[in-house]
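Containing mmCIF, C-alpha atoms: coords18.cif.
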data_my_file
#
loop_
_atom_site.label_atom_id
_atom_site.label_comp_id
_atom_site.auth_asym_id
_atom_site.auth_seq_id
_atom_site.Cartn_x
_atom_site.Cartn_y
_atom_site.Cartn_z
CA MET A 1 44.63 53.49 20.94
CA GLY A 2 41.10 54.59 20.21
CA ILE A 3 39.79 57.07 17.70
CA THR A 4 36.37 58.70 17.36
CA GLN A 5 33.86 57.24 14.93
CA PRO A 6 33.97 58.90 11.50
CA PRO A 7 30.76 60.69 10.37
CA GLN A 8 29.99 58.02 7.75
CA THR A 9 30.11 55.28 10.42
CA LYS A 10 27.77 57.27 12.69
CA ARG A 11 25.38 57.88 9.80
CA ARG A 12 25.50 54.17 8.90
CA LEU A 13 24.62 53.15 12.48
CA ILE A 14 21.77 55.68 12.75
CA LEU A 15 20.25 54.60 9.43
CA ARG A 16 20.71 50.90 10.25
CA ASN A 17 19.02 51.30 13.63
CA ALA A 18 16.16 53.31 12.12
CA THR A 19 15.69 50.65 9.42
CA LEU A 20 15.72 47.87 12.03
CA ALA A 21 13.24 49.82 14.19
CA LEU A 22 10.82 50.13 11.26
CA LEU A 23 11.23 46.42 10.48
CA GLY A 24 10.56 45.66 14.15
CA ALA A 25 7.41 47.82 14.03
CA MET A 26 6.31 45.88 10.94
CA VAL A 27 6.72 42.58 12.83
CA LEU A 28 4.84 44.05 15.83
CA PHE A 29 1.97 45.22 13.62
CA SER A 30 1.76 41.78 12.01
CA ALA A 31 1.74 40.12 15.44
CA GLY A 32 -0.90 42.65 16.57
CA GLU A 33 -3.06 41.78 13.58
CA ALA A 34 -2.86 38.09 14.42
CA LEU A 35 -3.51 38.60 18.13
CA LEU A 36 -6.24 41.25 17.97
CA GLY A 37 -7.88 40.05 14.77
CA VAL A 38 -7.82 43.54 13.19
CA SER A 39 -6.32 44.70 9.89
CA LEU A 40 -3.37 47.09 10.14
CA ALA A 41 -2.66 46.96 6.40
CA ASP A 42 -2.71 50.78 6.03
CA LEU A 43 -0.15 51.23 8.80
CA LYS A 44 2.08 48.48 7.37
CA LEU A 45 1.88 50.03 3.91
CA GLY A 46 2.89 53.39 5.44
CA LEU A 47 5.87 51.74 7.14
CA LEU A 48 6.93 50.18 3.85
CA VAL A 49 6.82 53.57 2.13
CA LEU A 50 9.12 54.95 4.86
CA LEU A 51 11.32 51.87 4.81
CA LEU A 52 12.18 52.00 1.11
CA PRO A 53 14.02 55.38 1.02
CA LEU A 54 15.54 54.71 4.44
CA SER A 55 17.02 51.38 3.33
CA LEU A 56 18.35 53.03 0.15
CA LEU A 57 20.12 55.69 2.25
CA TRP A 58 21.51 52.97 4.53
CA VAL A 59 22.88 50.93 1.62
CA GLU A 60 24.64 54.10 0.38
CA THR A 61 26.56 54.27 3.67
CA LEU A 62 27.77 50.63 3.57
CA ASP A 63 31.45 50.05 2.93
CA GLU A 64 32.47 48.12 -0.18
CA VAL A 65 32.98 44.76 1.56
CA ALA A 66 29.46 44.83 3.04
CA ARG A 67 28.01 46.06 -0.25
CA GLN A 68 29.71 43.24 -2.15
CA GLY A 69 28.22 40.86 0.43
CA HIS A 70 24.75 42.23 -0.30
CA TYR A 71 25.23 41.87 -4.07
CA TRP A 72 26.53 38.31 -3.69
CA ALA A 73 23.89 37.24 -1.16
CA TRP A 74 21.01 38.78 -3.13
CA PHE A 75 22.19 37.19 -6.38
CA TRP A 76 22.62 33.65 -5.03
CA GLY A 77 19.83 33.91 -2.43
CA CYS A 78 17.29 35.05 -5.02
CA ALA A 79 18.56 32.51 -7.56
CA GLY A 80 18.00 29.81 -4.92
CA GLY A 81 14.63 31.27 -3.96
CA ILE A 82 13.42 31.37 -7.55
CA ALA A 83 14.70 27.82 -8.16
CA GLY A 84 12.81 26.69 -5.05
CA MET A 85 9.67 28.54 -6.18
CA THR A 86 9.92 26.95 -9.64
CA MET A 87 10.17 23.48 -8.10
CA LEU A 88 7.15 24.20 -5.89
CA ALA A 89 5.20 25.50 -8.91
CA ILE A 90 6.02 22.32 -10.87
CA MET A 91 4.96 20.17 -7.91
CA VAL A 92 1.68 22.02 -7.39
CA HIS A 93 0.92 22.29 -11.12
CA GLY A 94 1.65 18.59 -11.57
CA GLY A 95 -0.77 17.71 -8.77
CA LEU A 96 2.01 16.39 -6.52
CA TRP A 97 1.17 18.66 -3.62
CA HIS A 98 -2.46 19.75 -3.99
CA GLN A 99 -3.59 18.47 -0.60
CA GLY A 100 -0.61 20.07 1.12
CA VAL A 101 -1.38 23.46 -0.43
CA ASP A 102 -5.09 23.21 0.48
CA ALA A 103 -4.21 22.31 4.09
CA LEU A 104 -1.70 25.18 4.25
CA LEU A 105 -4.20 27.72 2.88
CA THR A 106 -6.94 26.54 5.22
CA ALA A 107 -4.66 26.76 8.24
CA TRP A 108 -3.44 30.23 7.21
CA ARG A 109 -6.53 31.95 5.77
CA GLY A 110 -9.35 29.67 6.91
CA GLU A 111 -10.21 28.69 3.30
CA ALA A 112 -8.51 27.33 0.21
CA SER A 113 -9.91 29.95 -2.20
CA ALA A 114 -8.36 31.31 -5.40
CA GLN A 115 -7.66 34.64 -3.64
CA SER A 116 -5.79 32.88 -0.81
CA GLY A 117 -3.85 30.82 -3.34
CA PHE A 118 -2.90 33.96 -5.26
CA LEU A 119 -1.76 35.68 -2.06
CA LEU A 120 0.32 32.64 -1.09
CA GLY A 121 1.91 32.66 -4.54
CA LEU A 122 2.68 36.39 -4.24
CA LEU A 123 4.33 35.95 -0.86
CA THR A 124 6.21 32.70 -1.41
CA THR A 125 8.81 34.00 -3.87
CA PRO A 126 9.97 37.03 -1.85
CA VAL A 127 9.97 34.97 1.36
CA LEU A 128 12.12 32.27 -0.26
CA CYS A 129 14.42 34.97 -1.70
CA VAL A 130 14.84 36.62 1.72
CA ILE A 131 15.55 33.23 3.36
CA GLY A 132 18.10 32.53 0.59
CA PHE A 133 19.62 36.01 1.06
CA ALA A 134 19.96 35.50 4.84
CA CYS A 135 21.68 32.13 4.34
CA PHE A 136 24.18 33.45 1.75
CA TRP A 137 24.76 36.64 3.77
CA ALA A 138 25.70 34.48 6.78
CA VAL A 139 28.02 32.34 4.60
CA TYR A 140 29.68 35.49 3.18
CA TRP A 141 30.57 36.85 6.63
CA LEU A 142 31.42 33.48 8.16
CA ARG A 143 34.02 33.03 5.40
CA ARG A 144 35.44 36.49 6.11
CA ARG A 145 35.46 36.47 9.92
CA MET B 146 46.59 39.14 -3.30
CA ARG B 147 48.79 39.17 -0.20
CA ASN B 148 49.20 42.20 2.03
CA ARG B 149 51.20 43.54 4.98
CA LEU B 150 48.29 45.15 6.80
CA LYS B 151 48.69 43.07 9.97
CA VAL B 152 52.41 43.90 10.26
CA LEU B 153 51.87 47.59 9.51
CA ARG B 154 49.06 47.73 12.04
CA ALA B 155 51.19 46.02 14.69
CA GLU B 156 54.05 48.48 14.05
CA ARG B 157 51.70 51.33 14.86
CA ASN B 158 49.99 49.47 17.72
CA TRP B 159 46.61 49.86 16.04
CA SER B 160 43.75 47.42 16.51
CA GLN B 161 41.56 46.37 13.58
CA ALA B 162 38.90 48.72 14.97
CA ASP B 163 41.40 51.63 14.99
CA LEU B 164 42.28 51.02 11.36
CA ALA B 165 38.59 50.58 10.49
CA GLY B 166 37.89 53.99 12.03
CA ARG B 167 40.66 55.60 10.01
CA LEU B 168 39.41 54.02 6.80
CA ASP B 169 35.72 54.55 7.63
CA VAL B 170 34.89 50.88 7.07
CA SER B 171 33.72 48.20 9.50
CA ARG B 172 36.15 46.13 11.61
CA GLN B 173 34.89 43.01 9.79
CA SER B 174 35.88 44.63 6.49
CA VAL B 175 39.41 45.31 7.76
CA ASN B 176 39.63 41.67 8.86
CA ALA B 177 38.43 40.43 5.46
CA ILE B 178 41.04 42.55 3.66
CA GLU B 179 43.82 41.70 6.12
CA THR B 180 43.26 37.94 5.84
CA GLY B 181 43.24 38.17 2.03
CA LYS B 182 39.60 37.12 1.76
CA TYR B 183 38.63 40.37 0.05
CA ASP B 184 40.70 42.42 -2.38
CA PRO B 185 39.95 46.12 -1.91
CA SER B 186 38.94 48.41 -4.77
CA LEU B 187 41.50 50.90 -6.07
CA PRO B 188 39.98 53.85 -4.14
CA LEU B 189 40.12 51.88 -0.88
CA ALA B 190 43.65 50.62 -1.64
CA PHE B 191 44.76 54.26 -2.15
CA LYS B 192 43.05 55.22 1.12
CA ILE B 193 44.87 52.42 2.96
CA ALA B 194 48.17 53.51 1.41
CA ARG B 195 47.49 57.10 2.50
CA VAL B 196 46.72 56.04 6.09
CA PHE B 197 50.06 54.19 6.32
CA ALA B 198 51.93 56.84 4.26
CA LEU B 199 53.20 54.14 1.90
CA SER B 200 52.65 53.23 -1.74
CA ILE B 201 50.09 50.56 -2.68
CA GLU B 202 52.89 48.24 -3.83
CA GLN B 203 54.49 48.44 -0.39
CA ILE B 204 51.28 47.12 1.19
CA PHE B 205 49.73 44.79 -1.38
CA ILE B 206 51.74 42.07 -3.09
CA GLU B 207 50.45 40.20 -6.13
CA GLU B 208 50.64 36.40 -5.62
CA ALA B 209 52.67 35.94 -8.82
CA SER B 210 55.22 38.58 -7.72
CA ALA B 211 55.47 37.00 -4.27
CA ALA B 212 56.09 33.56 -5.81
CA GLN B 213 58.74 35.02 -8.19
CA ALA B 214 60.50 36.74 -5.30
CA ALA B 215 60.55 33.48 -3.35
CA GLU B 216 62.23 31.55 -6.22
#
Written as structure tokens, that's how I'd like the structure from this file.
Amino acid sequence: MGITQPPQTKRRLILRNATLALLGAMVLFSAGEALLGVSLADLKLGLLVLLLPLSLLWVETLDEVARQGHYWAWFWGCAGGIAGMTMLAIMVHGGLWHQGVDALLTAWRGEASAQSGFLLGLLTTPVLCVIGFACFWAVYWLRRR
Amino acid sequence: MRNRLKVLRAERNWSQADLAGRLDVSRQSVNAIETGKYDPSLPLAFKIARVFALSIEQIFIEEASAAQAAE
């Protein structure tokens, strides 16, 4: 016996798809930058500005089980990400991984400058947090299948 | 917390997706509640009770009460 989708479910799907479309565009722009060798930073910044309110509206439409999953996954994922970042910082600061960092920066930015190092530092923590979030989000739903 | 959602659903011949639609939550959320892996908030418990036209106590059973009843 089927029933029509409630308005909140429709709204959730529309907002989720719009959010995913913007994220997809962000990935495409990044790939375009790498392939064409041009900077699309302005466009990506514009997408981010659109993405923030959209994702807030989407989170508002989530049901409580999904929302609890987000809280749980962000808490433990970010805790793991920050712990990982702290370990990396100790390794780099202690000189345990200098050559590795230089090689990584050179491969990524073409030079191991202070600016590249700062950018890597800025990006590493959120990337580790997002990876941690994705892992804990998967665990949350796998346990509740 | 134990619950009778699966039985109540079967009595009405509803799928998890049907119940999810009535509660305006995802099918995965209904599954998580039904299998006891997530205890719903009071507002959602009242909504579930309203959908089945029963009281909350007729749907959700506290583990301690269930154990006492079994003794």
Wanna dump the chain B-chain A contacts at 9 Å for me, each residue with its shortest atom pair and the distance in Å to one decimal, counting all atoms listed in the file, ordered by chain and number, as CSV?
residue,atom,partner,partner_atom,distance
B:Asn158,CA,A:Met1,CA,7.4
B:Trp159,CA,A:Met1,CA,6.4
B:Ser160,CA,A:Met1,CA,7.6
B:Ala162,CA,A:Gly2,CA,8.2
B:Asp163,CA,A:Gly2,CA,6.0
B:Gly166,CA,A:Gln5,CA,5.9
B:Arg167,CA,A:Pro6,CA,7.6
B:Leu168,CA,A:Pro6,CA,8.7
B:Asp169,CA,A:Pro6,CA,6.1
B:Val170,CA,A:Asp63,CA,5.4
B:Ser171,CA,A:Asp63,CA,7.2
B:Gln173,CA,A:Arg145,CA,6.6
B:Ser174,CA,A:Val65,CA,5.7
B:Val175,CA,A:Val65,CA,8.9
B:Asn176,CA,A:Arg145,CA,6.7
B:Ala177,CA,A:Arg144,CA,5.0
B:Ile178,CA,A:Arg144,CA,8.6
B:Thr180,CA,A:Arg144,CA,8.0
B:Gly181,CA,A:Arg144,CA,9.0
B:Lys182,CA,A:Arg144,CA,6.1
B:Tyr183,CA,A:Val65,CA,7.3
B:Asp184,CA,A:Val65,CA,9.0
B:Pro185,CA,A:Val65,CA,7.9
B:Ser186,CA,A:Glu64,CA,7.9
B:Leu189,CA,A:Glu64,CA,8.6
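Picture a line from CA of Gly121 (chain A) to CA of Thr86 (chain A); it runs 11.1 Å.
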task: Given the file shown, enumerate the residues that the PyMOL selection byres ((chain B and resi 193-208) around 7) captures and present them as number ranges by chain.
output: B: 146-150, 168, 189-192, 209-212
message: Would you compute the distance between CA of Arg16 (chain A) and CA of Leu54 (chain A)? Give it in Å to one decimal.
response: 8.7 Å
query: What is the distance between CA of Gly69 (chain A) and CA of Val139 (chain A), in Å to one decimal?
result: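 Interatomic distance, CA of Gly69 (chain A) to CA of Val139 (chain A): 9.5 Å.
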field: Given the PyMOL selection byres ((chain A and resi 105) around 12), the residues it picks as a ChimeraX atom specification
entry: /A:98-104,106-121
field: Selected residue, from A:Val59, A:Gly46, A:Leu23, A:Leu51, that lies nearest to Arg11 (chain A) when counting only C-alpha atoms
entry: A:Val59
Give, as lines of an AutoDock Vina configuration file, the centre coordinates and the x, y and z edge lengths in Å to one decimal for an axis-aligned box around all listed atoms of region 185-200 of chain B, padded by 6 Å on each side.
center_x = 46.1
center_y = 51.6
center_z = 0.1
size_x = 26.3
size_y = 23.0
size_z = 24.4
query: Using the chain letters and numbers from the file, which residues does the PyMOL selection byres ((chain A and resi 55) around 12) grab, as a list in words?
result: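 Given this file, the PyMOL selection byres ((chain A and resi 55) around 12) evaluates to Arg12, Ile14, Leu15, Arg16, Asn17, Ala18, Thr19, Leu20, Ala21, Leu22, Leu23, Leu47, Leu48, Val49, Leu50, Leu51, Leu52, Pro53, Leu54, Leu56, Leu57, Trp58, Val59, Glu60, Thr61 and Leu62 of chain A.
Residue nearest Gly80 (chain A), chosen from A:Lys44, A:Gly94, A:Val127, A:Ser39 and counting all atoms listed in the file: A:Val127.
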- prompt: Residues at most 8 Å from Arg172 (chain B), counting all atoms listed in the file, excluding those fewer than 5 positions away in the same chain, as number ranges by chain?
  reply: B: 161-162, 164-165
